[in-house]
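Asker: After the structure tokens below, expect a handful of questions from me.
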Amino acid sequence: MDTITFVRTELAALADQNYREFNSKLMPTVEKSTVFGVRTPVLRKFAKEFFKDPSSKEFLTALPHKYFEENQLHAFLVEQIKDFDRCILAVEAFLPFVDNWATCDCFSPAAFKKEPDRLLPYIEKWLTSSHVYTARYGVVMLMRYFLDGRFDEKHLKTVADLPTDDYYLSMAVAWYFATALAKQYDVALPYIQDRLLDKATHNRAIQKAIESLRISEKHKAYLKTLRIK
């Protein structure tokens, strides 16, 4: 049995049809016919086992994939690559084929956490990509690793200046600013006060901030007054 057939056979065996119905509704950009319906914890467990198999390396070269869970499996395999140089090569090879928010947001390799300073130049490059999910991945990684001790105010402007015509990139920018308001309130707030984001992204950022448990009620009350009608 070849590697792709093996993977698809395993995915079919792990599928949950009720979950397939539920999950498909959350991903309007993904064809339902390409979704098996494998729950994430189950898929992560399979990825952990499959990573030990030499054929997993062959799977990582078999791009593009046909099925949603194949992309998820690919992401979970890449997460396990410990060497930064090998990992970043695998991420860069994969990003152009990411076609939905769920795959984009689901993976953050341990190699990145160990060497975030080496990651930053790649993030800055991804943010300039015309491919929506590559740019979104850049925003998500910037949010994950550079809003705490490594925070730099210039990143706020970089994210604010991104083109947000696409809904999924707009949502990522909104998510970034809501998180920035939670972690770096004083420097992030002027971007909302001065309406430096487009209307939709501005209001989405405020909504996400209001839903956050990390932002005080006082700040939430003020942010509500900044909504654009």
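Residues are named by chain letter and number: chains run A, B, ... in the order of the structure tokens, numbers start at 1 in each chain, and ligands are numbered from 1 in the order shown.
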Sort by chain and increasing residue number a table of all residues of stretch 154-181 of chain A within 8 Å of stretch 123-136 of chain A, each with its closest pair of atoms and their distance in Å to one decimal, counting only C-alpha atoms, and write it as CSV.
Answerer:
```
residue,atom,partner,partner_atom,distance
A:Val159,CA,A:Leu127,CA,7.9
A:Leu162,CA,A:Leu127,CA,7.7
A:Asp166,CA,A:Val132,CA,7.4
A:Tyr168,CA,A:Arg136,CA,7.5
A:Leu169,CA,A:Arg136,CA,5.5
A:Ala172,CA,A:Arg136,CA,6.0
```
Asker: Now that the selection is made, can you save its residues with C-alpha atoms as a PDB file, in the first residue's frame?
Answerer:
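Here's the written file part-v4.pdb:
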```
ATOM      1  CA  VAL A 159      -0.191  44.663  10.892  1.00  0.00           C
ATOM      2  CA  LEU A 162      -2.001  44.978   5.813  1.00  0.00           C
ATOM      3  CA  ASP A 166     -10.188  39.339   2.486  1.00  0.00           C
ATOM      4  CA  TYR A 168      -9.935  35.850   6.863  1.00  0.00           C
ATOM      5  CA  LEU A 169      -7.034  38.264   6.856  1.00  0.00           C
ATOM      6  CA  ALA A 172      -6.569  37.793  11.826  1.00  0.00           C
TER       7      ALA A 172
END
```
Asker: Mind the document's chain letters and residue numbers, and return as a VMD selection string the residues of stretch 15-218 of chain A that DSSP labels alpha helix (DSSP H).
Answerer: chain A and resid 17 to 25 40 to 50 55 to 61 68 to 79 84 to 94 101 to 106 110 to 114 116 to 126 132 to 145 154 to 160 167 to 183 185 to 193 199 to 211 217 to 218
Asker: Kindly provide the residues of stretch 177-197 of chain A that approach stretch 141-154 of chain A to within 10 Å, each paired with its closest atom pair and their distance in Å to one decimal, based on only C-alpha atoms, listed by chain and increasing number, as CSV.
Answerer:
```
residue,atom,partner,partner_atom,distance
A:Phe177,CA,A:Met143,CA,8.7
A:Ala178,CA,A:Met143,CA,10.0
A:Thr179,CA,A:Met143,CA,7.3
A:Ala180,CA,A:Leu147,CA,6.5
A:Leu181,CA,A:Leu147,CA,9.9
A:Ala182,CA,A:Leu147,CA,9.5
A:Lys183,CA,A:Leu147,CA,6.7
A:Gln184,CA,A:Leu147,CA,7.3
A:Val187,CA,A:Glu153,CA,7.2
A:Ala188,CA,A:Glu153,CA,8.4
```
Asker: Find the residues near A:Lys32: any atom within 10 Å, counting only C-alpha atoms, skip ones fewer than 2 places away on the same chain, and give them as a ChimeraX atom specification.
Answerer: /A:20-21,23-25,27-30,34-37,67-68
Asker: Quick one: write out the picked residues with N, CA and C atoms as a short mmCIF file (atom, residue, chain, number, x, y, z; two decimals), in the first residue's frame?
Answerer:
```cif
data_model
loop_
_atom_site.label_atom_id
_atom_site.label_comp_id
_atom_site.auth_asym_id
_atom_site.auth_seq_id
_atom_site.Cartn_x
_atom_site.Cartn_y
_atom_site.Cartn_z
N ARG A 20 -18.08 15.59 11.09
CA ARG A 20 -17.90 16.07 9.71
C ARG A 20 -18.95 17.12 9.38
N GLU A 21 -20.20 16.84 9.75
CA GLU A 21 -21.28 17.78 9.49
C GLU A 21 -21.05 19.09 10.23
N ASN A 23 -18.12 20.32 11.59
CA ASN A 23 -16.89 21.02 11.24
C ASN A 23 -16.97 21.67 9.86
N SER A 24 -17.65 21.02 8.95
CA SER A 24 -17.76 21.56 7.59
C SER A 24 -18.45 22.93 7.58
N LYS A 25 -19.39 23.11 8.50
CA LYS A 25 -20.12 24.38 8.57
C LYS A 25 -19.22 25.53 9.03
N MET A 27 -16.15 25.91 8.08
CA MET A 27 -15.13 26.17 7.06
C MET A 27 -15.78 26.34 5.69
N PRO A 28 -16.41 27.48 5.46
CA PRO A 28 -17.13 27.68 4.18
C PRO A 28 -16.24 27.67 2.95
N THR A 29 -14.94 27.86 3.12
CA THR A 29 -14.04 27.86 1.96
C THR A 29 -13.55 26.45 1.62
N VAL A 30 -13.94 25.46 2.43
CA VAL A 30 -13.49 24.09 2.21
C VAL A 30 -14.65 23.25 1.69
N THR A 34 -14.28 17.13 0.68
CA THR A 34 -12.87 16.90 1.00
C THR A 34 -12.64 16.73 2.50
N VAL A 35 -13.72 16.65 3.27
CA VAL A 35 -13.61 16.54 4.73
C VAL A 35 -14.01 15.14 5.18
N PHE A 36 -13.12 14.46 5.89
CA PHE A 36 -13.44 13.15 6.45
C PHE A 36 -14.26 13.28 7.72
N GLY A 37 -13.88 14.23 8.57
CA GLY A 37 -14.55 14.38 9.85
C GLY A 37 -13.79 13.75 10.99
N TYR A 67 -7.39 16.28 0.60
CA TYR A 67 -8.36 16.33 1.69
C TYR A 67 -7.95 17.29 2.80
N PHE A 68 -8.96 17.85 3.46
CA PHE A 68 -8.73 18.78 4.57
C PHE A 68 -7.87 18.14 5.65
#
```
Asker: For A:Ala174, work out the shell of residues within 10 Å, counting only C-alpha atoms and skipping chain neighbours fewer than 6 positions away, then give it as a PyMOL selection string.
Answerer: chain A and resi 159-160+164+168+180+197+200-209
Asker: Hey, which of A:Ser55, A:Gln193, A:Thr61, A:Ser108 ends up closest to A:Gln80? Count only C-alpha atoms.
Answerer: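 Comparing A:Ser55, A:Gln193, A:Thr61, A:Ser108 against A:Gln80, the winner is A:Ser108.
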Asker: In Å to one decimal, how far is atom CA of A:Tyr122 from atom CA of A:Leu156?
Answerer: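 Taking atom CA of A:Leu156 and atom CA of A:Tyr122, their separation equals 16.8 Å.
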Asker: Mind checking which residues fall within 7 Å of A:Cys104, counting only C-alpha atoms, ignoring those fewer than 4 positions away in the same chain, and posting them as a ChimeraX atom specification?
Answerer: /A:98,100,133,137
Asker: Grab the residues selected above and save them as a short mmCIF file (atom, residue, chain, number, x, y, z; two decimals), in the first residue's frame with C-alpha atoms.
Answerer:
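Result saved to again20.cif:
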```cif
data_model
loop_
_atom_site.label_atom_id
_atom_site.label_comp_id
_atom_site.auth_asym_id
_atom_site.auth_seq_id
_atom_site.Cartn_x
_atom_site.Cartn_y
_atom_site.Cartn_z
CA VAL A 98 -2.83 26.20 2.98
CA ASN A 100 -8.38 27.64 5.02
CA TYR A 133 -3.19 32.31 4.48
CA TYR A 137 0.01 32.81 9.39
#
```
Asker: Near A:Leu63, counting only C-alpha atoms, which residues have an atom at most 12 Å away, once you skip same-chain residues fewer than 2 positions from it, shown as a list of chain:residue names?
Answerer: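 Skipping anything fewer than 2 positions along the chain leaves A:Ile4, A:Lys57, A:Glu58, A:Phe59, A:Leu60, A:Thr61, A:His65, A:Lys66, A:Tyr67, A:Glu70, A:Asn71, A:His74, A:Ala90, A:Ala93, A:Phe94, A:Leu95, A:Pro96, A:Phe97, A:Val98.
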Asker: Could those residues be written to a file, using N, CA and C atoms, as a PDB file, in the first residue's frame?
Answerer:
```pdb
ATOM      1  N   ILE A   4       0.034   7.512   0.425  1.00  0.00           N
ATOM      2  CA  ILE A   4      -1.210   8.291   0.350  1.00  0.00           C
ATOM      3  C   ILE A   4      -2.423   7.401   0.598  1.00  0.00           C
ATOM      4  N   LYS A  57       7.843  11.225   5.829  1.00  0.00           N
ATOM      5  CA  LYS A  57       8.652  12.185   5.062  1.00  0.00           C
ATOM      6  C   LYS A  57       8.171  12.229   3.615  1.00  0.00           C
ATOM      7  N   GLU A  58       7.786  11.099   3.081  1.00  0.00           N
ATOM      8  CA  GLU A  58       7.242  11.058   1.722  1.00  0.00           C
ATOM      9  C   GLU A  58       5.921  11.811   1.657  1.00  0.00           C
ATOM     10  N   PHE A  59       5.100  11.623   2.678  1.00  0.00           N
ATOM     11  CA  PHE A  59       3.813  12.324   2.731  1.00  0.00           C
ATOM     12  C   PHE A  59       4.009  13.831   2.703  1.00  0.00           C
ATOM     13  N   LEU A  60       5.029  14.326   3.396  1.00  0.00           N
ATOM     14  CA  LEU A  60       5.269  15.769   3.462  1.00  0.00           C
ATOM     15  C   LEU A  60       5.685  16.362   2.116  1.00  0.00           C
ATOM     16  N   THR A  61       6.106  15.527   1.205  1.00  0.00           N
ATOM     17  CA  THR A  61       6.478  16.019  -0.126  1.00  0.00           C
ATOM     18  C   THR A  61       5.332  15.893  -1.125  1.00  0.00           C
ATOM     19  N   HIS A  65      -2.282  18.444  -1.189  1.00  0.00           N
ATOM     20  CA  HIS A  65      -3.118  17.357  -0.711  1.00  0.00           C
ATOM     21  C   HIS A  65      -4.547  17.548  -1.201  1.00  0.00           C
ATOM     22  N   LYS A  66      -5.293  16.476  -1.218  1.00  0.00           N
ATOM     23  CA  LYS A  66      -6.681  16.532  -1.699  1.00  0.00           C
ATOM     24  C   LYS A  66      -7.667  16.816  -0.568  1.00  0.00           C
ATOM     25  N   TYR A  67      -7.389  16.278   0.604  1.00  0.00           N
ATOM     26  CA  TYR A  67      -8.360  16.327   1.688  1.00  0.00           C
ATOM     27  C   TYR A  67      -7.948  17.291   2.804  1.00  0.00           C
ATOM     28  N   GLU A  70      -5.787  15.775   5.408  1.00  0.00           N
ATOM     29  CA  GLU A  70      -4.413  15.582   4.957  1.00  0.00           C
ATOM     30  C   GLU A  70      -3.603  16.846   5.225  1.00  0.00           C
ATOM     31  N   ASN A  71      -4.211  17.992   5.004  1.00  0.00           N
ATOM     32  CA  ASN A  71      -3.535  19.255   5.315  1.00  0.00           C
ATOM     33  C   ASN A  71      -3.317  19.407   6.820  1.00  0.00           C
ATOM     34  N   HIS A  74      -0.546  17.133   7.797  1.00  0.00           N
ATOM     35  CA  HIS A  74       0.716  17.732   7.352  1.00  0.00           C
ATOM     36  C   HIS A  74       1.185  18.764   8.379  1.00  0.00           C
ATOM     37  N   ALA A  90      10.160  23.210   5.921  1.00  0.00           N
ATOM     38  CA  ALA A  90       8.897  22.478   5.771  1.00  0.00           C
ATOM     39  C   ALA A  90       7.699  23.418   5.827  1.00  0.00           C
ATOM     40  N   ALA A  93       7.482  25.412   2.574  1.00  0.00           N
ATOM     41  CA  ALA A  93       7.022  24.574   1.468  1.00  0.00           C
ATOM     42  C   ALA A  93       5.510  24.347   1.539  1.00  0.00           C
ATOM     43  N   PHE A  94       4.978  24.358   2.759  1.00  0.00           N
ATOM     44  CA  PHE A  94       3.569  24.045   2.978  1.00  0.00           C
ATOM     45  C   PHE A  94       2.642  25.251   2.863  1.00  0.00           C
ATOM     46  N   LEU A  95       3.077  26.409   3.335  1.00  0.00           N
ATOM     47  CA  LEU A  95       2.194  27.573   3.413  1.00  0.00           C
ATOM     48  C   LEU A  95       1.477  27.927   2.105  1.00  0.00           C
ATOM     49  N   PRO A  96       2.123  27.854   0.942  1.00  0.00           N
ATOM     50  CA  PRO A  96       1.404  28.213  -0.290  1.00  0.00           C
ATOM     51  C   PRO A  96       0.200  27.320  -0.581  1.00  0.00           C
ATOM     52  N   PHE A  97       0.138  26.158   0.082  1.00  0.00           N
ATOM     53  CA  PHE A  97      -0.949  25.212  -0.171  1.00  0.00           C
ATOM     54  C   PHE A  97      -2.024  25.249   0.908  1.00  0.00           C
ATOM     55  N   VAL A  98      -1.821  26.057   1.932  1.00  0.00           N
ATOM     56  CA  VAL A  98      -2.827  26.203   2.981  1.00  0.00           C
ATOM     57  C   VAL A  98      -3.995  27.008   2.409  1.00  0.00           C
TER      58      VAL A  98
END
```
Asker: Just to confirm, what's the straight-line distance from atom CA of A:Glu79 to atom CA of A:Val91 in Å (one decimal)?
Answerer: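 Those two atoms sit 8.9 Å apart.
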Asker: Counting only C-alpha atoms, which of A:Leu223, A:Leu73, A:Val38, A:Leu120 gets nearest to A:Pro190?
Answerer: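 Checking each of A:Leu223, A:Leu73, A:Val38, A:Leu120 against A:Pro190, counting only C-alpha atoms, the winner is A:Leu223.
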Asker: For atom CA of A:Phe107 and atom CA of A:Phe76, determine how far apart the two atoms are, in Å to one decimal place.
Answerer: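 If I compute the distance from atom CA of A:Phe107 to atom CA of A:Phe76, I get 6.4 Å.
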Asker: Of the residues A:Ala15, A:Glu49, A:Ala110, A:Leu119, which is the one nearest to A:Glu92, using only C-alpha atoms?
Answerer: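 That would be A:Leu119, the residue with the smallest distance to A:Glu92.
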Asker: I'd like to know which of A:Gly138, A:Pro64, A:Pro54, A:Pro109 is closest to A:Pro121, using only C-alpha atoms.
Answerer: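 When distances to A:Pro121 are compared using only C-alpha atoms, the smallest one comes from A:Gly138.
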Asker: When you count only C-alpha atoms, which of these residues is closest to A:Asp53: A:Ser216, A:Thr103, A:Ser170, A:Thr3?
Answerer: A:Thr3
